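Content type mmCIF, C-alpha atoms and all ligand atoms, from the file model22.cif:
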```
data_protein
loop_
_atom_site.label_atom_id
_atom_site.label_comp_id
_atom_site.auth_asym_id
_atom_site.auth_seq_id
_atom_site.Cartn_x
_atom_site.Cartn_y
_atom_site.Cartn_z
CA MET B 1 -82.60 -2.51 39.77
CA SER B 2 -79.18 -3.00 38.41
CA LEU B 3 -77.12 -5.54 36.56
CA GLU B 4 -75.38 -8.40 38.27
CA ILE B 5 -72.18 -9.58 36.64
CA ILE B 6 -70.58 -12.97 37.33
CA PRO B 7 -67.12 -13.36 35.78
CA LEU B 8 -65.99 -16.93 35.06
CA VAL B 9 -62.39 -17.67 34.13
CA LEU B 10 -62.47 -20.59 31.69
CA GLY B 11 -60.50 -22.57 29.14
CA PRO B 12 -56.90 -23.10 28.06
CA VAL B 13 -55.95 -19.40 27.99
CA ARG B 14 -57.99 -18.31 31.02
CA THR B 15 -60.64 -16.29 29.20
CA ASN B 16 -63.21 -14.23 31.09
CA ALA B 17 -66.76 -15.26 30.29
CA TYR B 18 -69.34 -12.92 31.80
CA LEU B 19 -72.73 -14.08 32.94
CA VAL B 20 -74.79 -10.90 33.15
CA VAL B 21 -78.35 -10.64 34.45
CA ASP B 22 -80.92 -7.90 34.64
CA GLN B 23 -82.01 -8.34 38.24
CA GLN B 24 -85.53 -7.12 37.61
CA THR B 25 -86.42 -9.59 34.85
CA LYS B 26 -83.84 -12.36 35.59
CA SER B 27 -83.05 -12.46 31.89
CA ALA B 28 -79.40 -13.18 31.31
CA VAL B 29 -76.79 -12.92 28.60
CA VAL B 30 -73.43 -14.64 28.35
CA ILE B 31 -70.81 -12.31 26.96
CA ASP B 32 -68.11 -14.52 25.41
CA PRO B 33 -69.16 -18.11 26.27
CA ALA B 34 -65.49 -18.94 26.38
CA TRP B 35 -65.29 -22.58 27.37
CA ASP B 36 -67.09 -25.22 29.48
CA GLY B 37 -70.60 -24.22 28.41
CA GLU B 38 -72.14 -26.77 30.82
CA LEU B 39 -70.53 -24.95 33.71
CA ILE B 40 -71.82 -21.55 32.58
CA LEU B 41 -75.32 -23.01 32.28
CA GLN B 42 -75.07 -24.51 35.79
CA GLU B 43 -74.16 -21.12 37.22
CA ALA B 44 -77.24 -19.57 35.59
CA HIS B 45 -79.56 -22.39 36.71
CA ARG B 46 -78.30 -22.25 40.27
CA ARG B 47 -79.38 -18.60 40.41
CA GLY B 48 -82.69 -19.06 38.59
CA TRP B 49 -81.57 -17.01 35.61
CA VAL B 50 -82.59 -17.64 32.00
CA ILE B 51 -79.87 -17.26 29.37
CA GLU B 52 -81.62 -15.66 26.42
CA GLN B 53 -78.68 -14.39 24.43
CA LEU B 54 -75.00 -15.01 23.72
CA TRP B 55 -73.03 -11.92 22.71
CA LEU B 56 -69.56 -12.38 21.21
CA THR B 57 -66.98 -9.60 21.35
CA HIS B 58 -65.13 -11.49 18.62
CA ALA B 59 -64.78 -14.97 17.18
CA HIS B 60 -61.48 -16.27 18.55
CA PHE B 61 -61.85 -19.87 19.73
CA ASP B 62 -61.17 -18.99 23.36
CA HIS B 63 -64.23 -16.70 23.40
CA MET B 64 -66.68 -19.12 21.72
CA GLY B 65 -65.49 -22.60 22.73
CA GLY B 66 -68.34 -23.01 25.22
CA ILE B 67 -71.22 -22.34 22.81
CA ALA B 68 -71.84 -25.95 21.74
CA GLY B 69 -71.86 -27.25 25.33
CA LEU B 70 -74.12 -24.46 26.46
CA LEU B 71 -76.67 -25.04 23.70
CA LYS B 72 -76.73 -28.79 24.34
CA GLY B 73 -78.25 -28.19 27.77
CA MET B 74 -80.91 -25.71 26.65
CA SER B 75 -84.39 -26.45 25.27
CA VAL B 76 -84.97 -22.89 24.03
CA GLN B 77 -81.94 -21.81 22.03
CA PRO B 78 -80.54 -18.38 22.85
CA ARG B 79 -79.86 -15.82 20.15
CA ILE B 80 -76.19 -15.56 19.14
CA ALA B 81 -74.79 -12.12 18.28
CA LEU B 82 -71.61 -11.50 16.27
CA HIS B 83 -70.26 -8.81 13.93
CA PRO B 84 -70.30 -10.10 10.32
CA ALA B 85 -66.63 -9.21 9.76
CA ASP B 86 -65.76 -12.02 12.21
CA LEU B 87 -68.05 -14.57 10.59
CA PRO B 88 -65.29 -16.25 8.51
CA LEU B 89 -63.25 -16.68 11.72
CA TYR B 90 -66.34 -18.04 13.50
CA LYS B 91 -66.93 -20.59 10.75
CA ALA B 92 -63.26 -21.62 11.03
CA GLN B 93 -63.80 -22.55 14.70
CA GLY B 94 -62.18 -19.34 15.85
CA GLY B 95 -58.75 -20.20 14.48
CA ALA B 96 -58.39 -23.04 17.01
CA ALA B 97 -56.43 -25.15 14.52
CA LEU B 98 -53.62 -22.55 14.56
CA PHE B 99 -53.10 -23.48 18.20
CA GLY B 100 -53.51 -27.22 17.71
CA ILE B 101 -56.87 -27.12 19.48
CA ARG B 102 -60.27 -28.37 18.36
CA ILE B 103 -63.62 -26.95 19.43
CA PRO B 104 -67.04 -28.34 18.51
CA PRO B 105 -68.81 -26.47 15.68
CA SER B 106 -71.43 -23.88 16.67
CA PRO B 107 -74.62 -22.88 14.85
CA GLU B 108 -74.51 -19.65 12.87
CA PRO B 109 -75.15 -16.35 14.67
CA THR B 110 -78.71 -15.03 14.53
CA ILE B 111 -77.92 -11.37 15.29
CA SER B 112 -75.59 -9.54 12.91
CA LEU B 113 -74.07 -6.74 14.99
CA LYS B 114 -73.30 -3.29 13.66
CA HIS B 115 -71.69 -0.19 15.07
CA GLY B 116 -74.16 1.91 17.03
CA GLN B 117 -76.71 -0.89 17.40
CA LEU B 118 -78.55 -1.04 20.72
CA LEU B 119 -78.99 -4.39 22.45
CA THR B 120 -81.51 -4.96 25.22
CA LEU B 121 -81.09 -7.06 28.33
CA GLY B 122 -84.27 -6.78 30.41
CA THR B 123 -84.50 -3.12 31.39
CA HIS B 124 -80.94 -2.32 30.31
CA THR B 125 -79.57 -1.08 27.01
CA PHE B 126 -76.10 -1.79 25.64
CA GLU B 127 -74.47 0.07 22.78
CA VAL B 128 -72.42 -1.91 20.26
CA ARG B 129 -69.16 -0.23 19.27
CA HIS B 130 -67.06 -1.63 16.43
CA CYS B 131 -63.41 -1.82 17.56
CA PRO B 132 -61.38 -3.59 14.85
CA GLY B 133 -57.65 -4.21 15.18
CA HIS B 134 -57.43 -7.42 17.24
CA THR B 135 -59.87 -9.02 14.80
CA PRO B 136 -61.74 -7.30 11.93
CA GLY B 137 -65.15 -7.78 13.55
CA HIS B 138 -64.33 -7.09 17.18
CA VAL B 139 -67.03 -5.17 19.05
CA VAL B 140 -67.41 -3.94 22.62
CA PHE B 141 -70.64 -3.70 24.61
CA TYR B 142 -71.21 -0.49 26.55
CA CYS B 143 -73.94 0.08 29.13
CA SER B 144 -73.84 3.79 29.96
CA SER B 145 -76.45 3.61 32.76
CA GLU B 146 -74.24 1.11 34.64
CA LYS B 147 -70.97 2.76 33.54
CA VAL B 148 -69.57 -0.57 32.37
CA MET B 149 -68.02 -1.80 29.15
CA PHE B 150 -67.27 -5.38 28.10
CA CYS B 151 -64.25 -4.90 25.91
CA GLY B 152 -63.02 -8.40 24.97
CA ASP B 153 -59.44 -8.42 23.70
CA VAL B 154 -59.23 -4.74 22.69
CA ILE B 155 -57.73 -3.43 25.93
CA PHE B 156 -56.54 -5.05 29.16
CA TRP B 157 -55.37 -3.84 32.54
CA GLY B 158 -52.01 -2.38 31.46
CA GLY B 159 -52.12 -3.96 28.02
CA ILE B 160 -53.76 -4.14 24.61
CA GLY B 161 -54.90 -6.99 22.40
CA ARG B 162 -52.38 -8.80 20.23
CA THR B 163 -52.35 -7.83 16.57
CA ASP B 164 -50.13 -10.58 15.13
CA LEU B 165 -52.95 -13.04 14.44
CA PRO B 166 -54.73 -13.15 11.03
CA GLY B 167 -56.84 -10.00 10.53
CA GLY B 168 -55.01 -8.04 13.23
CA ASP B 169 -53.63 -4.54 12.71
CA TYR B 170 -51.81 -2.45 15.32
CA ASP B 171 -52.67 1.06 14.06
CA THR B 172 -56.31 0.08 13.65
CA LEU B 173 -56.40 -1.26 17.20
CA ILE B 174 -54.89 1.91 18.70
CA ARG B 175 -57.37 4.02 16.73
CA SER B 176 -60.27 1.87 18.00
CA ILE B 177 -59.10 2.29 21.60
CA ARG B 178 -58.71 6.04 21.30
CA THR B 179 -62.02 6.70 19.55
CA GLN B 180 -64.32 4.08 21.12
CA ILE B 181 -62.92 3.54 24.63
CA LEU B 182 -60.83 6.50 25.78
CA SER B 183 -63.69 8.77 24.70
CA LEU B 184 -65.76 7.44 27.63
CA PRO B 185 -65.85 8.89 31.17
CA ASN B 186 -62.89 7.99 33.40
CA ASN B 187 -65.07 6.09 35.87
CA THR B 188 -66.27 3.61 33.22
CA ARG B 189 -65.45 0.04 34.32
CA LEU B 190 -63.63 -2.03 31.72
CA LEU B 191 -64.26 -5.78 31.89
CA SER B 192 -61.78 -7.43 29.55
CA GLY B 193 -61.48 -10.83 27.93
CA HIS B 194 -58.45 -11.73 30.04
CA GLY B 195 -57.15 -10.57 33.42
CA GLY B 196 -58.59 -8.24 36.02
CA GLU B 197 -60.97 -5.34 35.87
CA THR B 198 -59.79 -1.79 35.18
CA THR B 199 -61.26 1.62 34.29
CA VAL B 200 -60.98 4.06 31.42
CA GLY B 201 -59.25 6.56 33.72
CA ALA B 202 -56.66 4.06 34.96
CA GLU B 203 -55.73 3.02 31.42
CA ARG B 204 -55.66 6.60 30.18
CA LEU B 205 -53.10 7.35 32.91
CA ASP B 206 -51.02 4.17 33.13
CA ASN B 207 -51.37 2.01 30.04
CA PRO B 208 -47.86 1.94 28.49
CA PHE B 209 -49.28 1.37 24.99
CA LEU B 210 -51.35 4.55 25.12
CA SER B 211 -48.92 7.14 26.48
ZN ZN U 301 -58.93 -12.71 20.84
ZN ZN U 302 -58.93 -13.91 24.08
#
```
Would you mind writing the structure in this file as structure tokens?
Amino acid sequence: MSLEIIPLVLGPVRTNAYLVVDQQTKSAVVIDPAWDGELILQEAHRRGWVIEQLWLTHAHFDHMGGIAGLLKGMSVQPRIALHPADLPLYKAQGGAALFGIRIPPSPEPTISLKHGQLLTLGTHTFEVRHCPGHTPGHVVFYCSSEKVMFCGDVIFWGGIGRTDLPGGDYDTLIRSIRTQILSLPNNTRLLSGHGGETTVGAERLDNPFLS
């Protein structure tokens, strides 16, 4: 059986949080618990899914603002996965203060992600790919059996992540996209941190930043 993916658009900058379940085991992960953790938890409960893990593509506040609220409603705490290069940003509440926003503090991650690591969700395997440039510790999660990648703020439908925030670097971002994303088959679905869904093939052809 396959994965079911519920996108939720949450928070002040309309971030995509993805509630993903392995239909066979009903074990679920939240990729980027962006905002309104209570609401994400409700969605999982309503479907009878158990959130066992939180995976962060990166530690900007709009991708982690829902963690505290989510954990408050859970008796068994899920594991939290982040790349260590984004840990300073995580501990600084995701840079929220830069935007005049406050988010509640979150407990430290329990999984330290590295490039090439394999993560398991029920019967499915996801590959971690390090894609710095938007932030130093940005990663993407790729499930080859389902032909889907969760790519955070690295690449968007017709766009790329901003590189003007602390730790950002344009050339590094373009190199990450070319080596870690455009190297995948054209029919790979790209589920980004903001905006609608796209594919590797569509961005290879039409993305103005990559021509
Ligand atoms: Zn970001
Ligand atoms: Zn974002």
Tell me, in Å to one decimal, how far atom CA of B:Ile31 is from atom CA of B:Gly48.
-> 17.9 Å
Protein and nucleic acid residues within 6 Å of ligand ZN 302 (chain U) (only C-alpha atoms and all ligand atoms) as a PDB file with C-alpha atoms, in the coordinates of the input:
```pdb
ATOM      1  CA  THR B  15     -60.640 -16.290  29.200  1.00  0.00           C
ATOM      2  CA  ASP B  62     -61.170 -18.990  23.360  1.00  0.00           C
ATOM      3  CA  ASP B 153     -59.440  -8.420  23.700  1.00  0.00           C
ATOM      4  CA  GLY B 193     -61.480 -10.830  27.930  1.00  0.00           C
TER       5      GLY B 193
END
```
Distance query B:Pro33 at most 6 Å, only C-alpha atoms, self and fewer than 5 positions along chain excluded, as a list in words = Ala17, His63, Met64, Gly66 and Ile67 of chain B
May I ask you to write as a PDB file with C-alpha atoms, in the frame of the given file all residues lying at most 7 Å from ligand ZN 301 (chain U), with all atoms listed in the file counted?
```
ATOM      1  CA  HIS B  58     -65.130 -11.490  18.620  1.00  0.00           C
ATOM      2  CA  HIS B  60     -61.480 -16.270  18.550  1.00  0.00           C
ATOM      3  CA  HIS B 134     -57.430  -7.420  17.240  1.00  0.00           C
ATOM      4  CA  ASP B 153     -59.440  -8.420  23.700  1.00  0.00           C
TER       5      ASP B 153
END
```
Radius query 9 Å about (-73.9, -11.1, 23.3), atoms used: only C-alpha atoms, as a PyMOL selection string = chain B and resi 29-33+53-57+79-82+111+119+141
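Of note, atom CA of B:Asp169 and atom CA of B:Val154 are spaced 11.4 Å apart.
The nearest approach to B:Ile40 among the residues B:Pro107, B:Pro136, B:Gly161, B:Gly65, with all atoms listed in the file taken into account, belongs to B:Gly65.
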Residues within 12 Å of B:Met1, only C-alpha atoms, excluding chain neighbours under 4 positions, as a ChimeraX atom specification = /B:21-26,122-124,145-146
What is the atom CA of B:Leu39 to atom CA of B:Pro104 distance in Å?
-> 16.0 Å
Just the residues within 9 Å of B:Gly133, please, counting only C-alpha atoms, with nothing from its chain fewer than 4 positions along; format it as a PyMOL selection string.
-> chain B and resi 137-138+154+161-163+167-176
Keeping only C-alpha atoms, take the residues you just selected and write them out as a short mmCIF file (atom, residue, chain, number, x, y, z; two decimals), keeping the file's coordinate frame.
```
data_model
loop_
_atom_site.label_atom_id
_atom_site.label_comp_id
_atom_site.auth_asym_id
_atom_site.auth_seq_id
_atom_site.Cartn_x
_atom_site.Cartn_y
_atom_site.Cartn_z
CA GLY B 137 -65.15 -7.78 13.55
CA HIS B 138 -64.33 -7.09 17.18
CA VAL B 154 -59.23 -4.74 22.69
CA GLY B 161 -54.90 -6.99 22.40
CA ARG B 162 -52.38 -8.80 20.23
CA THR B 163 -52.35 -7.83 16.57
CA GLY B 167 -56.84 -10.00 10.53
CA GLY B 168 -55.01 -8.04 13.23
CA ASP B 169 -53.63 -4.54 12.71
CA TYR B 170 -51.81 -2.45 15.32
CA ASP B 171 -52.67 1.06 14.06
CA THR B 172 -56.31 0.08 13.65
CA LEU B 173 -56.40 -1.26 17.20
CA ILE B 174 -54.89 1.91 18.70
CA ARG B 175 -57.37 4.02 16.73
CA SER B 176 -60.27 1.87 18.00
#
```
Test item: which residues lie within 8 Å of (-67.7, -4.0, 35.9) counting only C-alpha atoms, as a count of residues only = 9
Find the residues around B:Phe99 up to 12 Å (all atoms listed in the file counted), leave out those fewer than 3 positions away in its own chain, and share them as a PyMOL selection string.
-> chain B and resi 12-13+60-62+93-96+102-103+165
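When only C-alpha atoms are used to compute distances to B:Lys91, the closest of the residues B:Gly116, B:Val128, B:Ser75, B:Ala59 turns out to be B:Ala59.
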